[in-house]
file entry15.txt (compact mmCIF, C-alpha atoms)
# COMPACT_ATOMS: atom_id res chain seq x y z
CA MET A 1 9.65 -13.41 39.54
CA ARG A 2 6.90 -10.88 39.00
CA PRO A 3 3.23 -11.82 38.91
CA ASP A 4 2.42 -8.65 36.96
CA GLY A 5 4.16 -10.16 33.98
CA GLN A 6 7.10 -7.77 33.81
CA PRO A 7 10.10 -8.83 31.74
CA GLY A 8 11.80 -11.77 33.31
CA ALA A 9 8.52 -13.40 34.25
CA ASP A 10 8.24 -17.08 33.45
CA SER A 11 5.17 -19.11 32.60
CA GLY A 12 5.03 -20.70 36.04
CA THR A 13 4.47 -17.48 37.97
CA VAL A 14 2.41 -15.34 35.60
CA ALA A 15 -1.24 -15.15 36.65
CA ASP A 16 -2.68 -14.17 33.26
CA PRO A 17 -3.53 -17.50 31.54
CA GLY A 18 -2.93 -16.08 28.06
CA ALA A 19 0.50 -14.73 28.96
CA ARG A 20 1.35 -18.03 30.67
CA LEU A 21 0.49 -20.02 27.54
CA MET A 22 2.39 -17.60 25.29
CA LEU A 23 5.49 -17.87 27.48
CA ARG A 24 5.24 -21.67 27.41
CA TYR A 25 4.96 -21.54 23.62
CA GLN A 26 7.91 -19.15 23.45
CA ALA A 27 9.92 -21.67 25.49
CA GLY A 28 9.22 -24.36 22.90
CA ASP A 29 6.01 -26.01 24.13
CA GLU A 30 4.15 -26.33 20.79
CA GLY A 31 1.03 -27.69 22.49
CA ALA A 32 0.61 -24.43 24.42
CA PHE A 33 -0.11 -22.62 21.18
CA GLU A 34 -3.19 -24.71 20.40
CA GLU A 35 -4.44 -24.09 23.96
CA LEU A 36 -3.85 -20.38 23.47
CA VAL A 37 -5.85 -20.36 20.22
CA ARG A 38 -8.68 -22.29 21.90
CA LEU A 39 -8.73 -19.79 24.75
CA TYR A 40 -8.99 -16.69 22.54
CA GLN A 41 -10.53 -17.93 19.29
CA ASP A 42 -14.12 -16.84 20.06
CA SER A 43 -12.95 -13.39 21.21
CA VAL A 44 -10.98 -12.90 18.01
CA PHE A 45 -13.83 -14.15 15.81
CA SER A 46 -16.35 -11.87 17.54
CA LEU A 47 -14.07 -8.84 17.51
CA LEU A 48 -13.31 -9.24 13.80
CA TYR A 49 -16.97 -9.88 13.00
CA ARG A 50 -18.17 -6.77 14.81
CA PHE A 51 -15.35 -4.61 13.46
CA MET A 52 -15.61 -5.80 9.85
CA GLY A 53 -19.41 -6.06 9.86
CA THR A 54 -19.43 -9.42 8.10
CA ARG A 55 -18.96 -13.13 8.76
CA HIS A 56 -17.42 -13.48 5.31
CA GLY A 57 -13.74 -14.49 5.50
CA ILE A 58 -13.53 -14.18 9.29
CA GLU A 59 -11.95 -17.64 9.68
CA ASP A 60 -9.09 -16.77 7.33
CA LEU A 61 -8.54 -13.42 9.02
CA SER A 62 -8.56 -15.06 12.47
CA GLN A 63 -6.02 -17.65 11.34
CA GLU A 64 -3.77 -14.86 10.07
CA ILE A 65 -4.01 -13.10 13.45
CA PHE A 66 -2.88 -16.21 15.32
CA LEU A 67 -0.08 -16.88 12.82
CA ARG A 68 1.15 -13.36 13.55
CA LEU A 69 1.54 -14.44 17.16
CA VAL A 70 3.67 -17.33 15.92
CA ARG A 71 5.88 -15.04 13.87
CA GLY A 72 6.24 -12.58 16.75
CA ARG A 73 6.70 -15.08 19.55
CA ARG A 74 10.43 -14.43 20.05
CA ALA A 75 9.78 -10.72 20.60
CA TYR A 76 6.85 -11.28 23.01
CA ARG A 77 7.28 -9.86 26.51
CA ALA A 78 4.60 -10.37 29.16
CA THR A 79 4.41 -6.69 30.04
CA ALA A 80 0.60 -6.35 29.82
CA LYS A 81 -2.49 -8.53 29.89
CA PHE A 82 -2.22 -10.99 27.05
CA GLY A 83 -5.70 -10.01 25.83
CA THR A 84 -4.57 -6.40 25.41
CA TYR A 85 -1.51 -7.56 23.45
CA LEU A 86 -3.66 -9.79 21.24
CA TYR A 87 -6.26 -7.06 20.63
CA ARG A 88 -3.48 -4.71 19.61
CA VAL A 89 -2.36 -7.26 17.01
CA VAL A 90 -6.00 -7.49 15.85
CA PHE A 91 -6.36 -3.70 15.72
CA ASN A 92 -3.22 -3.19 13.61
CA PHE A 93 -4.34 -5.99 11.34
CA CYS A 94 -7.87 -4.54 11.02
CA VAL A 95 -6.58 -1.08 10.14
CA ASN A 96 -4.44 -2.47 7.31
CA GLU A 97 -7.19 -4.83 6.15
CA THR A 98 -9.83 -2.06 6.10
CA ARG A 99 -7.59 0.24 4.11
CA SER A 100 -6.72 -2.40 1.54
CA ARG A 101 -10.40 -3.39 1.21
CA ARG A 102 -11.34 0.24 0.72
CA LYS A 103 -8.81 0.50 -2.11
CA LEU A 104 -10.13 -2.72 -3.63
CA ARG A 105 -13.71 -1.46 -3.45
CA MET A 106 -12.69 1.75 -5.20
CA VAL A 107 -11.39 -0.16 -8.20
CA SER A 108 -13.99 -2.92 -8.19
CA LEU A 109 -16.84 -2.82 -10.64
CA ASP A 110 -18.43 -5.83 -9.03
CA GLY A 111 -21.74 -4.80 -7.49
CA GLU A 112 -21.94 -7.82 -5.17
CA ASP A 113 -21.70 -7.11 -1.49
CA PRO A 114 -20.09 -10.09 0.28
CA ARG A 115 -20.96 -8.56 3.68
CA ARG A 116 -24.58 -9.50 3.33
CA ASP A 117 -23.68 -13.11 4.13
CA GLY A 118 -26.58 -14.40 2.06
CA ALA A 119 -28.86 -14.01 5.08
CA ARG A 120 -32.52 -14.42 4.29
CA ARG A 121 -34.51 -11.22 4.74
CA PRO A 122 -38.10 -11.58 5.90
CA ASP A 123 -40.88 -11.02 3.40
CA PRO A 124 -43.61 -8.72 4.82
CA ALA A 125 -46.17 -10.23 2.42
CA ASP A 126 -45.58 -13.76 3.73
CA PRO A 127 -48.40 -14.67 6.15
CA ARG A 128 -46.18 -17.33 7.76
CA GLU A 129 -43.90 -14.62 9.08
CA SER A 130 -44.81 -13.70 12.62
CA ALA A 131 -44.84 -9.94 13.10
CA PRO A 132 -43.15 -9.43 9.70
CA LEU A 133 -42.89 -5.68 10.02
CA ASP A 134 -41.08 -5.97 13.33
CA ARG A 135 -38.62 -8.35 11.76
CA MET A 136 -38.16 -6.07 8.79
CA GLU A 137 -37.48 -3.19 11.11
CA GLN A 138 -35.04 -5.30 13.10
CA ALA A 139 -33.24 -6.42 9.94
CA GLU A 140 -33.15 -2.86 8.66
CA LEU A 141 -31.90 -1.56 11.98
CA GLY A 142 -29.14 -4.18 11.99
CA GLU A 143 -28.12 -3.20 8.48
CA VAL A 144 -28.10 0.52 9.35
CA LEU A 145 -26.08 -0.22 12.48
CA ARG A 146 -23.53 -2.22 10.46
CA ALA A 147 -23.29 0.55 7.88
CA THR A 148 -22.96 3.16 10.63
CA LEU A 149 -20.11 1.31 12.33
CA GLU A 150 -18.39 1.03 8.98
CA THR A 151 -18.42 4.80 8.53
CA LEU A 152 -16.62 5.36 11.84
CA PRO A 153 -12.86 5.94 11.68
CA GLU A 154 -11.01 2.69 12.55
CA THR A 155 -9.81 3.91 15.94
CA GLN A 156 -13.30 5.03 17.01
CA ARG A 157 -14.81 1.78 15.75
CA MET A 158 -12.29 -0.40 17.57
CA ALA A 159 -12.69 1.63 20.78
CA LEU A 160 -16.48 1.25 20.57
CA VAL A 161 -16.39 -2.50 19.92
CA LEU A 162 -13.85 -3.16 22.67
CA ASN A 163 -15.80 -1.02 25.12
CA LYS A 164 -19.24 -2.39 24.31
CA TYR A 165 -18.51 -6.08 23.78
CA HIS A 166 -15.16 -6.97 25.25
CA ASP A 167 -15.34 -5.21 28.61
CA LEU A 168 -11.99 -3.48 28.28
CA SER A 169 -11.33 -0.52 30.54
CA TYR A 170 -10.55 2.88 29.02
CA ARG A 171 -6.89 2.38 29.97
CA GLU A 172 -6.76 -1.01 28.22
CA ILE A 173 -8.48 0.37 25.12
CA ALA A 174 -5.90 3.18 25.11
CA GLU A 175 -3.13 0.54 25.10
CA VAL A 176 -4.76 -1.31 22.21
CA VAL A 177 -5.23 1.72 19.96
CA GLY A 178 -2.01 3.46 21.08
CA SER A 179 -3.65 6.46 22.70
CA THR A 180 -4.39 7.99 26.10
CA GLU A 181 -7.28 7.25 28.44
CA LYS A 182 -8.62 10.79 28.00
CA ALA A 183 -8.45 10.53 24.21
CA VAL A 184 -10.29 7.19 24.34
CA LYS A 185 -13.16 8.77 26.30
CA SER A 186 -13.38 11.46 23.66
CA LEU A 187 -13.25 8.83 20.85
CA LEU A 188 -16.05 6.86 22.48
CA ALA A 189 -18.22 9.94 23.03
CA ARG A 190 -17.90 10.86 19.34
CA ALA A 191 -18.48 7.31 18.14
CA ARG A 192 -21.59 6.84 20.27
CA ARG A 193 -22.99 10.20 19.25
CA SER A 194 -22.56 9.27 15.56
CA VAL A 195 -24.29 5.94 16.12
CA ARG A 196 -27.14 7.59 18.04
CA GLU A 197 -27.71 10.21 15.37
CA ARG A 198 -27.65 7.69 12.50
CA LEU A 199 -30.03 5.32 14.31
CA ALA A 200 -32.43 8.06 15.47
CA PRO A 201 -34.95 7.62 12.62
CA TYR A 202 -35.16 3.88 13.41
CA LEU A 203 -35.42 4.34 17.15
CA GLY A 204 -38.32 6.79 17.08
CA GLY A 205 -36.16 9.86 17.37
CA GLU A 206 -35.74 12.87 15.16
CA VAL A 207 -33.24 13.06 12.36
CA PRO A 208 -30.51 15.40 13.60
CA ALA A 209 -30.21 18.69 11.75
CA MET B 1 -19.69 21.81 37.21
CA THR B 2 -22.84 23.79 36.36
CA GLY B 3 -24.49 25.43 33.39
CA LEU B 4 -23.78 22.89 30.65
CA THR B 5 -25.19 23.69 27.22
CA CYS B 6 -27.30 21.15 25.30
CA GLU B 7 -24.31 20.48 23.02
CA GLU B 8 -22.02 19.82 26.00
CA VAL B 9 -24.59 17.47 27.53
CA ARG B 10 -25.01 15.52 24.27
CA ASP B 11 -21.24 15.08 24.05
CA ARG B 12 -21.33 13.54 27.52
CA LEU B 13 -24.44 11.36 27.15
CA ALA B 14 -22.63 8.14 26.22
CA LEU B 15 -20.29 8.36 29.22
CA HIS B 16 -23.23 9.42 31.42
CA VAL B 17 -25.29 6.38 30.37
CA ASP B 18 -22.24 4.15 31.00
CA GLY B 19 -21.77 5.70 34.45
CA ALA B 20 -18.26 6.82 33.46
CA LEU B 21 -18.47 10.52 34.31
CA ASP B 22 -17.00 11.80 37.55
CA ALA B 23 -19.36 13.01 40.29
CA PRO B 24 -19.42 16.77 39.46
CA GLU B 25 -20.02 16.06 35.74
CA THR B 26 -22.74 13.53 36.53
CA GLU B 27 -24.43 16.11 38.73
CA ALA B 28 -24.23 18.78 36.02
CA VAL B 29 -25.66 16.46 33.34
CA ARG B 30 -28.48 15.34 35.66
CA GLY B 31 -29.31 18.94 36.43
CA HIS B 32 -29.49 19.82 32.76
CA LEU B 33 -31.59 16.76 31.88
CA ALA B 34 -34.09 17.59 34.62
CA ALA B 35 -34.76 20.90 32.93
CA CYS B 36 -34.40 20.04 29.22
CA GLU B 37 -36.99 17.87 27.44
CA ALA B 38 -34.97 17.77 24.15
CA CYS B 39 -31.88 16.38 25.95
CA ARG B 40 -34.02 13.89 27.88
CA ARG B 41 -35.28 12.63 24.51
CA GLU B 42 -31.65 12.39 23.36
CA GLU B 43 -30.80 10.41 26.47
CA ARG B 44 -33.61 7.93 25.69
CA LEU B 45 -32.19 7.62 22.17
CA GLU B 46 -28.74 6.93 23.59
CA ARG B 47 -30.12 4.08 25.73
CA ALA B 48 -31.97 2.66 22.71
CA ALA B 49 -28.80 2.86 20.59
CA VAL B 50 -26.88 0.99 23.28
CA ALA B 51 -29.55 -1.73 23.24
CA ALA B 52 -29.24 -1.95 19.43
CA LEU B 53 -25.46 -2.23 19.72
CA GLU B 54 -25.84 -4.99 22.26
CA GLY B 55 -28.02 -6.84 19.73
CA ILE B 56 -25.00 -7.69 17.54
CA PRO B 57 -24.35 -11.31 18.53
CA PRO B 58 -20.93 -12.83 19.16
CA LEU B 59 -19.42 -15.18 16.61
CA ALA B 60 -17.99 -18.53 17.70
CA ALA B 61 -15.04 -20.20 15.99
CA PRO B 62 -15.96 -23.37 14.07
CA GLU B 63 -15.13 -26.83 15.36
CA GLY B 64 -11.48 -27.76 14.84
CA PHE B 65 -10.26 -24.21 14.20
CA ALA B 66 -7.57 -24.28 16.92
CA ALA B 67 -6.20 -27.61 15.66
CA ARG B 68 -6.05 -26.31 12.08
CA VAL B 69 -4.20 -23.14 13.11
CA ALA B 70 -1.80 -25.13 15.28
CA ALA B 71 -1.07 -27.46 12.34
CA ALA B 72 -0.42 -24.47 10.07
CA ALA B 73 1.94 -23.02 12.67
CA ARG B 74 3.86 -26.23 13.35
CA PRO B 75 7.41 -26.21 11.95
CA ARG B 76 8.37 -29.13 9.68
CA PRO B 77 10.80 -31.74 11.06
CA ARG B 78 14.38 -30.51 10.65
CA GLY B 79 15.41 -33.13 8.05
CA LEU B 80 12.37 -32.54 5.89
CA ARG B 81 12.99 -28.81 5.78
CA TRP B 82 15.91 -29.33 3.34
CA ILE B 83 14.03 -31.55 0.92
CA PRO B 84 12.52 -28.78 -1.23
CA LEU B 85 15.87 -26.94 -1.41
CA ALA B 86 17.84 -30.11 -2.21
CA ALA B 87 15.30 -31.11 -4.88
CA GLY B 88 15.59 -27.64 -6.41
CA ILE B 89 19.38 -27.75 -6.54
CA ALA B 90 19.33 -31.26 -8.05
CA GLY B 91 16.81 -30.17 -10.68
CA VAL B 92 18.92 -27.17 -11.69
CA ALA B 93 22.05 -29.36 -11.89
CA VAL B 94 20.36 -31.95 -14.13
CA ALA B 95 18.87 -29.29 -16.40
CA GLY B 96 22.29 -27.60 -16.67
CA ALA B 97 24.03 -30.86 -17.54
CA LEU B 98 21.47 -31.63 -20.25
CA TRP B 99 21.82 -28.15 -21.73
CA ILE B 100 25.64 -28.38 -21.83
CA ALA B 101 25.52 -31.85 -23.39
CA GLN B 102 23.15 -30.66 -26.12
CA SER B 103 24.96 -27.45 -26.98
CA TRP B 104 28.61 -28.71 -26.78
CA PRO B 105 30.21 -27.97 -30.20
CA GLU B 106 31.07 -31.16 -32.03
CA LYS B 107 32.78 -30.62 -35.38
CA SER B 108 32.06 -33.14 -38.08
CA ALA B 109 34.80 -34.27 -40.54
CA ASP B 110 33.23 -32.11 -43.29
CA GLU B 111 33.40 -29.04 -41.04
CA GLU B 112 37.14 -29.75 -40.39
CA VAL B 113 37.84 -29.86 -44.14
CA ILE B 114 35.92 -26.65 -44.80
CA ALA B 115 37.81 -24.92 -41.98
CA HIS B 116 41.16 -25.75 -43.56
CA LEU B 117 40.56 -25.32 -47.30
CA ASP B 118 43.80 -23.29 -47.57
CA LEU B 119 45.83 -26.37 -46.66
CA LEU B 120 43.98 -28.50 -49.20
CA GLU B 121 44.92 -26.10 -51.98
CA ASN B 122 48.63 -26.93 -51.30
CA TRP B 123 48.10 -30.53 -50.24
CA ASP B 124 50.85 -31.91 -52.46
CA VAL B 125 53.56 -30.08 -50.51
CA VAL B 126 52.13 -30.42 -47.02
CA THR B 127 53.87 -32.97 -44.77
CA ASP B 128 52.40 -34.55 -41.69
CA GLU B 129 54.63 -32.35 -39.53
CA ASP B 130 53.59 -29.20 -41.42
CA LEU B 131 50.04 -30.20 -41.06
CA ALA B 132 50.38 -30.59 -37.31
CA LEU B 133 52.16 -27.28 -36.89
CA ALA B 134 49.82 -25.38 -39.20
CA LEU B 135 46.71 -26.65 -37.61
CA ASP B 136 47.95 -26.35 -34.04
CA ALA B 137 45.08 -28.64 -33.45
CA PRO B 138 44.41 -31.38 -30.95
CA GLU B 139 45.30 -34.86 -32.10
CA GLU B 140 41.74 -36.00 -32.53
CA ASP B 141 40.96 -33.03 -34.85
CA LEU B 142 44.06 -33.82 -36.89
CA GLY B 143 42.95 -37.45 -37.17
CA LEU B 144 39.51 -36.33 -38.34
CA LEU B 145 41.03 -34.15 -41.07
CA GLN B 146 43.37 -36.85 -42.21
CA GLY B 147 40.56 -39.38 -42.21
CA ALA B 148 38.37 -37.07 -44.30
CA LEU B 149 41.19 -36.64 -46.82
CA GLY B 150 41.84 -40.35 -46.88
CA GLY B 151 45.36 -39.82 -45.40

call {"tool": "encode", "arguments": {"input": "entry15.txt", "output": "structure tokens"}}
result
Amino acid sequence: MRPDGQPGADSGTVADPGARLMLRYQAGDEGAFEELVRLYQDSVFSLLYRFMGTRHGIEDLSQEIFLRLVRGRRAYRATAKFGTYLYRVVFNFCVNETRSRRKLRMVSLDGEDPRRDGARRPDPADPRESAPLDRMEQAELGEVLRATLETLPETQRMALVLNKYHDLSYREIAEVVGSTEKAVKSLLARARRSVRERLAPYLGGEVPA
Amino acid sequence: MTGLTCEEVRDRLALHVDGALDAPETEAVRGHLAACEACRREERLERAAVAALEGIPPLAAPEGFAARVAAAARPRPRGLRWIPLAAGIAGVAVAGALWIAQSWPEKSADEEVIAHLDLLENWDVVTDEDLALALDAPEEDLGLLQGALGG
């Protein structure tokens, strides 16, 4: 049996805890699935939140991701780190979800923006606010950052989020987005340059020509 | 690697800040930054942008999420799986039976007479046997006709 999780591996000898749980679930251990969800739920929530730029509907989207694992369990092979496999499911889901939301937004006449999450924005005139301008700037910077990430192509955005927050190597990111390590470096360089240029006015820099 | 342009350096700044460039490229970028104030400013911006990115907090799943997903994923017990299908089939069968019962043609005695007015016109010469042959009708229909005519 192979500890690297090659085909033929069983749950007893695979070192990756996610792959081990998935193999147990595949073999009929229903309880392993709940353990698997518990192990990865915060990663999936955070990844979706940072990719989508909103908390709105993240629970439903996360549930759909995990139910996709259920539907695909017979086809699962422990050929890579389970996290990479899961993030690939998330990435494919996010690409489809973003495209369908974009279409919806094009036909929607509703001016409400559900991404704002109803978060309270500080009032600079309120004397109870400590350093209100700083908070305003922070809130504005966060909003600009969210909007900037949203303008990035899906592959660049996913590469950036996985690289910055989920500690995936370039090779692992390449596996998730179906690309090469070299292409991922190029994606990341372009994504970070876009972010830097859009944030420049808020970070004391010059607006790029 | 020597002689990078400002544009080439700015393309490499993210990887440089992450420490992901190989040694010759790192050396070339450092050399350029040492001599270029505009690119040094861009490097400071890159570090500030990274700090802003790191300010997006994680999001934790709510209490009970894993249990809810596991419940949604759990298959129903084998026997129970057939209940909706069986109920559907039974419903269709009952509805079909009711429809057939309501729409089954049931001729009244008056309708039998109207259908055979030609025989009535010659009733005085029609025998029971003629009647049976002419009508080629089931016994109960014949009885209905005779009953209606008082025969």

call {"tool": "atom_distance", "arguments": {"input": "entry15.txt", "atom1": "atom CA of A:Glu140", "atom2": "atom CA of B:Val17"}}
result
24.9 Å

call {"tool": "atom_distance", "arguments": {"input": "entry15.txt", "atom1": "atom CA of B:Glu63", "atom2": "atom CA of A:Arg38"}}
result
10.2 Å

call {"tool": "closest_atom_pairs", "arguments": {"input": "entry15.txt", "of": "chain A", "to": "chain B", "cutoff": "7 Å", "atoms": "all atoms listed in the file", "output": "Markdown table"}}
result
| residue | atom | partner | partner_atom | distance |
| --- | --- | --- | --- | --- |
| A:Phe33 | CA | B:Ala70 | CA | 6.6 |
| A:Glu34 | CA | B:Ala70 | CA | 5.3 |
| A:Val37 | CA | B:Ala66 | CA | 5.4 |
| A:Arg38 | CA | B:Ala66 | CA | 5.5 |
| A:Gln41 | CA | B:Ala61 | CA | 6.0 |
| A:Asp42 | CA | B:Ala60 | CA | 4.8 |
| A:Phe45 | CA | B:Leu59 | CA | 5.7 |
| A:Ser46 | CA | B:Leu59 | CA | 4.6 |
| A:Tyr49 | CA | B:Leu59 | CA | 6.9 |
| A:Gln63 | CA | B:Val69 | CA | 6.0 |
| A:Leu67 | CA | B:Ala73 | CA | 6.5 |
| A:Val70 | CA | B:Ala73 | CA | 6.8 |
| A:Ala189 | CA | B:Ala14 | CA | 5.7 |
| A:Arg192 | CA | B:Ala14 | CA | 6.2 |
| A:Arg196 | CA | B:Ala49 | CA | 5.6 |
| A:Leu199 | CA | B:Ala49 | CA | 6.9 |
| A:Ala200 | CA | B:Leu45 | CA | 6.7 |
| A:Leu203 | CA | B:Ala48 | CA | 6.8 |
| A:Gly205 | CA | B:Leu45 | CA | 6.6 |

call {"tool": "axis_aligned_box", "arguments": {"input": "entry15.txt", "around": "stretch 135-148 of chain A", "padding_each_side": "5 Å", "output": "JSON"}}
result
{"center_x": -30.8, "center_y": -2.6, "center_z": 10.5, "size_x": 25.7, "size_y": 21.5, "size_z": 15.2}

call {"tool": "closest_residue", "arguments": {"input": "entry15.txt", "among": "A:Met52, A:Glu181, A:Lys103, A:Pro153", "to": "A:Val90", "atoms": "all atoms listed in the file"}}
result
A:Met52

call {"tool": "atom_distance", "arguments": {"input": "entry15.txt", "atom1": "atom CA of A:Ala32", "atom2": "atom CA of A:Asp60"}}
result
21.1 Å

call {"tool": "build_atoms", "arguments": {"input": "entry15.txt", "residues": "stretch 37-66 of chain A", "atoms": "N, CA and C atoms", "output": "PDB file, in the frame of the given file"}}
result
ATOM      1  N   VAL A  37      -4.859 -20.650  21.280  1.00  0.00           N
ATOM      2  CA  VAL A  37      -5.850 -20.360  20.220  1.00  0.00           C
ATOM      3  C   VAL A  37      -7.243 -20.699  20.739  1.00  0.00           C
ATOM      4  N   ARG A  38      -7.361 -21.865  21.404  1.00  0.00           N
ATOM      5  CA  ARG A  38      -8.680 -22.290  21.900  1.00  0.00           C
ATOM      6  C   ARG A  38      -9.227 -21.276  22.915  1.00  0.00           C
ATOM      7  N   LEU A  39      -8.318 -20.731  23.718  1.00  0.00           N
ATOM      8  CA  LEU A  39      -8.730 -19.790  24.750  1.00  0.00           C
ATOM      9  C   LEU A  39      -9.256 -18.471  24.170  1.00  0.00           C
ATOM     10  N   TYR A  40      -8.656 -18.021  23.066  1.00  0.00           N
ATOM     11  CA  TYR A  40      -8.990 -16.690  22.540  1.00  0.00           C
ATOM     12  C   TYR A  40      -9.730 -16.718  21.206  1.00  0.00           C
ATOM     13  N   GLN A  41      -9.980 -17.896  20.644  1.00  0.00           N
ATOM     14  CA  GLN A  41     -10.530 -17.930  19.290  1.00  0.00           C
ATOM     15  C   GLN A  41     -11.900 -17.234  19.187  1.00  0.00           C
ATOM     16  N   ASP A  42     -12.783 -17.449  20.158  1.00  0.00           N
ATOM     17  CA  ASP A  42     -14.120 -16.840  20.060  1.00  0.00           C
ATOM     18  C   ASP A  42     -14.041 -15.315  20.207  1.00  0.00           C
ATOM     19  N   SER A  43     -13.131 -14.848  21.064  1.00  0.00           N
ATOM     20  CA  SER A  43     -12.950 -13.390  21.210  1.00  0.00           C
ATOM     21  C   SER A  43     -12.478 -12.772  19.902  1.00  0.00           C
ATOM     22  N   VAL A  44     -11.519 -13.447  19.266  1.00  0.00           N
ATOM     23  CA  VAL A  44     -10.980 -12.900  18.010  1.00  0.00           C
ATOM     24  C   VAL A  44     -12.035 -12.947  16.907  1.00  0.00           C
ATOM     25  N   PHE A  45     -12.760 -14.055  16.813  1.00  0.00           N
ATOM     26  CA  PHE A  45     -13.830 -14.150  15.810  1.00  0.00           C
ATOM     27  C   PHE A  45     -14.865 -13.033  16.017  1.00  0.00           C
ATOM     28  N   SER A  46     -15.301 -12.859  17.263  1.00  0.00           N
ATOM     29  CA  SER A  46     -16.350 -11.870  17.540  1.00  0.00           C
ATOM     30  C   SER A  46     -15.856 -10.449  17.287  1.00  0.00           C
ATOM     31  N   LEU A  47     -14.620 -10.187  17.701  1.00  0.00           N
ATOM     32  CA  LEU A  47     -14.070  -8.840  17.510  1.00  0.00           C
ATOM     33  C   LEU A  47     -13.960  -8.521  16.024  1.00  0.00           C
ATOM     34  N   LEU A  48     -13.438  -9.472  15.250  1.00  0.00           N
ATOM     35  CA  LEU A  48     -13.310  -9.240  13.800  1.00  0.00           C
ATOM     36  C   LEU A  48     -14.678  -9.090  13.152  1.00  0.00           C
ATOM     37  N   TYR A  49     -15.626  -9.926  13.574  1.00  0.00           N
ATOM     38  CA  TYR A  49     -16.970  -9.880  13.000  1.00  0.00           C
ATOM     39  C   TYR A  49     -17.623  -8.522  13.257  1.00  0.00           C
ATOM     40  N   ARG A  50     -17.527  -8.040  14.478  1.00  0.00           N
ATOM     41  CA  ARG A  50     -18.170  -6.770  14.810  1.00  0.00           C
ATOM     42  C   ARG A  50     -17.428  -5.582  14.183  1.00  0.00           C
ATOM     43  N   PHE A  51     -16.121  -5.712  14.062  1.00  0.00           N
ATOM     44  CA  PHE A  51     -15.350  -4.610  13.460  1.00  0.00           C
ATOM     45  C   PHE A  51     -15.565  -4.571  11.951  1.00  0.00           C
ATOM     46  N   MET A  52     -15.501  -5.744  11.307  1.00  0.00           N
ATOM     47  CA  MET A  52     -15.610  -5.800   9.850  1.00  0.00           C
ATOM     48  C   MET A  52     -17.058  -5.723   9.372  1.00  0.00           C
ATOM     49  N   GLY A  53     -18.007  -6.114  10.243  1.00  0.00           N
ATOM     50  CA  GLY A  53     -19.410  -6.060   9.860  1.00  0.00           C
ATOM     51  C   GLY A  53     -19.846  -7.195   8.966  1.00  0.00           C
ATOM     52  N   THR A  54     -19.077  -8.280   8.937  1.00  0.00           N
ATOM     53  CA  THR A  54     -19.430  -9.420   8.100  1.00  0.00           C
ATOM     54  C   THR A  54     -18.841 -10.704   8.662  1.00  0.00           C
ATOM     55  N   ARG A  55     -19.528 -11.832   8.383  1.00  0.00           N
ATOM     56  CA  ARG A  55     -18.960 -13.130   8.760  1.00  0.00           C
ATOM     57  C   ARG A  55     -18.024 -13.625   7.662  1.00  0.00           C
ATOM     58  N   HIS A  56     -18.153 -13.030   6.497  1.00  0.00           N
ATOM     59  CA  HIS A  56     -17.420 -13.480   5.310  1.00  0.00           C
ATOM     60  C   HIS A  56     -15.899 -13.367   5.525  1.00  0.00           C
ATOM     61  N   GLY A  57     -15.204 -14.489   5.427  1.00  0.00           N
ATOM     62  CA  GLY A  57     -13.740 -14.490   5.500  1.00  0.00           C
ATOM     63  C   GLY A  57     -13.166 -14.354   6.901  1.00  0.00           C
ATOM     64  N   ILE A  58     -14.033 -14.396   7.928  1.00  0.00           N
ATOM     65  CA  ILE A  58     -13.530 -14.180   9.290  1.00  0.00           C
ATOM     66  C   ILE A  58     -12.578 -15.310   9.724  1.00  0.00           C
ATOM     67  N   GLU A  59     -12.832 -16.533   9.275  1.00  0.00           N
ATOM     68  CA  GLU A  59     -11.950 -17.640   9.680  1.00  0.00           C
ATOM     69  C   GLU A  59     -10.530 -17.418   9.157  1.00  0.00           C
ATOM     70  N   ASP A  60     -10.420 -17.016   7.902  1.00  0.00           N
ATOM     71  CA  ASP A  60      -9.090 -16.770   7.330  1.00  0.00           C
ATOM     72  C   ASP A  60      -8.384 -15.626   8.053  1.00  0.00           C
ATOM     73  N   LEU A  61      -9.149 -14.575   8.335  1.00  0.00           N
ATOM     74  CA  LEU A  61      -8.540 -13.420   9.020  1.00  0.00           C
ATOM     75  C   LEU A  61      -8.082 -13.828  10.427  1.00  0.00           C
ATOM     76  N   SER A  62      -8.914 -14.630  11.106  1.00  0.00           N
ATOM     77  CA  SER A  62      -8.560 -15.060  12.470  1.00  0.00           C
ATOM     78  C   SER A  62      -7.290 -15.911  12.441  1.00  0.00           C
ATOM     79  N   GLN A  63      -7.225 -16.805  11.448  1.00  0.00           N
ATOM     80  CA  GLN A  63      -6.020 -17.650  11.340  1.00  0.00           C
ATOM     81  C   GLN A  63      -4.783 -16.772  11.159  1.00  0.00           C
ATOM     82  N   GLU A  64      -4.904 -15.748  10.317  1.00  0.00           N
ATOM     83  CA  GLU A  64      -3.770 -14.860  10.070  1.00  0.00           C
ATOM     84  C   GLU A  64      -3.339 -14.144  11.355  1.00  0.00           C
ATOM     85  N   ILE A  65      -4.332 -13.751  12.172  1.00  0.00           N
ATOM     86  CA  ILE A  65      -4.010 -13.100  13.450  1.00  0.00           C
ATOM     87  C   ILE A  65      -3.161 -14.038  14.315  1.00  0.00           C
ATOM     88  N   PHE A  66      -3.610 -15.283  14.447  1.00  0.00           N
ATOM     89  CA  PHE A  66      -2.880 -16.210  15.320  1.00  0.00           C
ATOM     90  C   PHE A  66      -1.502 -16.559  14.736  1.00  0.00           C
TER      91      PHE A  66
END
